[in-house]
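Asks: Data file my_file_11.pdb (PDB, C-alpha atoms and all ligand atoms) is appended below.
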ATOM      1  CA  MET Z  22     121.419-105.799 158.554  1.00  0.00           C
ATOM      2  CA  THR Z  23     123.739-103.780 160.719  1.00  0.00           C
ATOM      3  CA  LYS Z  24     127.436-103.174 160.276  1.00  0.00           C
ATOM      4  CA  ASP Z  25     128.237-105.498 163.154  1.00  0.00           C
ATOM      5  CA  ASP Z  26     126.531-108.569 161.767  1.00  0.00           C
ATOM      6  CA  LEU Z  27     128.712-111.624 161.845  1.00  0.00           C
ATOM      7  CA  VAL Z  28     129.834-112.586 158.382  1.00  0.00           C
ATOM      8  CA  CYS Z  29     131.990-115.528 159.392  1.00  0.00           C
ATOM      9  CA  ASN Z  30     130.237-117.592 162.021  1.00  0.00           C
ATOM     10  CA  CYS Z  31     133.071-120.121 162.336  1.00  0.00           C
ATOM     11  CA  ASN Z  32     135.537-117.518 163.553  1.00  0.00           C
ATOM     12  CA  GLU Z  33     133.035-114.889 164.718  1.00  0.00           C
ATOM     13  CA  ILE Z  34     134.282-112.178 162.397  1.00  0.00           C
ATOM     14  CA  SER Z  35     131.918-109.249 161.932  1.00  0.00           C
ATOM     15  CA  ARG Z  36     131.252-107.213 158.830  1.00  0.00           C
ATOM     16  CA  ALA Z  37     132.828-104.205 160.558  1.00  0.00           C
ATOM     17  CA  GLU Z  38     136.067-106.107 161.205  1.00  0.00           C
ATOM     18  CA  ILE Z  39     136.274-107.255 157.600  1.00  0.00           C
ATOM     19  CA  ILE Z  40     135.600-103.771 156.243  1.00  0.00           C
ATOM     20  CA  LYS Z  41     138.234-102.303 158.558  1.00  0.00           C
ATOM     21  CA  ALA Z  42     140.855-104.840 157.467  1.00  0.00           C
ATOM     22  CA  ILE Z  43     140.083-104.309 153.782  1.00  0.00           C
ATOM     23  CA  LYS Z  44     140.391-100.540 154.108  1.00  0.00           C
ATOM     24  CA  GLU Z  45     143.457-100.489 156.340  1.00  0.00           C
ATOM     25  CA  LYS Z  46     145.425-103.093 154.409  1.00  0.00           C
ATOM     26  CA  GLY Z  47     144.079-102.562 150.904  1.00  0.00           C
ATOM     27  CA  LEU Z  48     142.956-106.181 150.594  1.00  0.00           C
ATOM     28  CA  LYS Z  49     141.751-107.330 147.189  1.00  0.00           C
ATOM     29  CA  THR Z  50     140.848-110.991 147.473  1.00  0.00           C
ATOM     30  CA  VAL Z  51     138.950-113.394 149.723  1.00  0.00           C
ATOM     31  CA  GLU Z  52     142.275-115.146 150.405  1.00  0.00           C
ATOM     32  CA  GLU Z  53     143.861-111.912 151.622  1.00  0.00           C
ATOM     33  CA  VAL Z  54     140.888-111.255 153.896  1.00  0.00           C
ATOM     34  CA  GLY Z  55     141.320-114.774 155.271  1.00  0.00           C
ATOM     35  CA  GLU Z  56     144.992-114.147 156.005  1.00  0.00           C
ATOM     36  CA  ALA Z  57     144.279-110.800 157.649  1.00  0.00           C
ATOM     37  CA  THR Z  58     141.210-111.722 159.709  1.00  0.00           C
ATOM     38  CA  THR Z  59     140.854-115.549 159.538  1.00  0.00           C
ATOM     39  CA  ALA Z  60     137.360-115.018 158.100  1.00  0.00           C
ATOM     40  CA  GLY Z  61     136.510-117.639 155.509  1.00  0.00           C
ATOM     41  CA  THR Z  62     139.269-120.041 156.465  1.00  0.00           C
ATOM     42  CA  VAL Z  63     137.222-122.771 158.165  1.00  0.00           C
ATOM     43  CA  CYS Z  64     134.103-123.949 156.299  1.00  0.00           C
ATOM     44  CA  GLY Z  65     134.355-121.412 153.478  1.00  0.00           C
ATOM     45  CA  GLY Z  66     130.618-120.779 153.616  1.00  0.00           C
ATOM     46  CA  CYS Z  67     131.064-117.053 154.152  1.00  0.00           C
ATOM     47  CA  GLN Z  68     133.474-116.495 151.271  1.00  0.00           C
ATOM     48  CA  GLU Z  69     130.730-115.375 148.931  1.00  0.00           C
ATOM     49  CA  GLU Z  70     129.701-112.685 151.375  1.00  0.00           C
ATOM     50  CA  ILE Z  71     133.324-111.621 151.839  1.00  0.00           C
ATOM     51  CA  GLN Z  72     133.594-111.298 148.066  1.00  0.00           C
ATOM     52  CA  GLU Z  73     130.504-109.083 148.035  1.00  0.00           C
ATOM     53  CA  ILE Z  74     132.061-106.817 150.664  1.00  0.00           C
ATOM     54  CA  LEU Z  75     135.276-106.651 148.614  1.00  0.00           C
ATOM     55  CA  ASP Z  76     133.327-105.814 145.475  1.00  0.00           C
ATOM     56  CA  ALA Z  77     131.415-103.064 147.238  1.00  0.00           C
ATOM     57  CA  LEU Z  78     134.570-101.455 148.663  1.00  0.00           C
ATOM     58  CA  ASN Z  79     136.973-101.895 145.751  1.00  0.00           C
ATOM     59  CA  ARG Z  80     134.809-100.958 142.859  1.00  0.00           C
TER      60      ARG Z  80
HETATM   61  S1  LIG S 101     131.461-119.121 158.267  1.00  0.00           S
HETATM   62 FE1  LIG S 101     133.358-118.298 157.676  1.00  0.00          FE
HETATM   63  S2  LIG S 101     134.647-120.052 157.453  1.00  0.00           S
HETATM   64 FE2  LIG S 101     132.754-120.859 158.136  1.00  0.00          FE
END
Can the structure from this file be put into structure tokens for me?
Replies:
Amino acid sequence: MTKDDLVCNCNEISRAEIIKAIKEKGLKTVEEVGEATTAGTVCGGCQEEIQEILDALNR
């Protein structure tokens, strides 16, 4: 997997975009990531992966 893999296929949001938003805005939850990037706001299927990214960055 590369940093630019799409995490959210519905809205075409990449891992890199999500990581950037989390770091820049200090996001803590999947809901906040959804508000900031729209990732996870359509089918919800990527929310688990967003949570894993949050866990990895905010531990
Ligand atoms: S893949 Fe992210 S909302 Fe559907």
Asks: (141.7, -114.9, 160.2) in this file's frame - what residues fall within 12 Å of it? Use all atoms listed in the file and give the answer as a list in words.
Replies: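 Those residues lying close to the given coordinates are Cys29, Asn30, Cys31, Asn32, Glu33, Ile34, Ser35, Glu38, Ile39, Ala42, Val51, Glu52, Glu53, Val54, Gly55, Glu56, Ala57, Thr58, Thr59, Ala60, Gly61, Thr62, Val63 and Gly65 of chain Z.
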Asks: Using all atoms listed in the file, find the one residue out of Z:Thr50, Z:Cys67, Z:Asp26, Z:Arg36 that sits nearest to ligand LIG 101 (chain S).
Replies: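 Counting all atoms listed in the file, the residue closest to ligand LIG 101 (chain S) is Z:Cys67.
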Asks: Looking at only C-alpha atoms and all ligand atoms, which of Z:Lys49, Z:Asn79, Z:Glu73, Z:Val28 is the one that sits closest to ligand LIG 101 (chain S)?
Replies: Z:Val28
Asks: Of the residues Z:Glu45, Z:Arg80, Z:Ile74, Z:Gly66, which is the one nearest to ligand LIG 101 (chain S), using all atoms listed in the file?
Replies: Z:Gly66
Asks: Grab the atom FE2 of ligand LIG 101 (chain S) to atom CA of Z:Gly47 distance for me, in Å with one decimal place.
Replies: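 So the answer is 22.7 Å.
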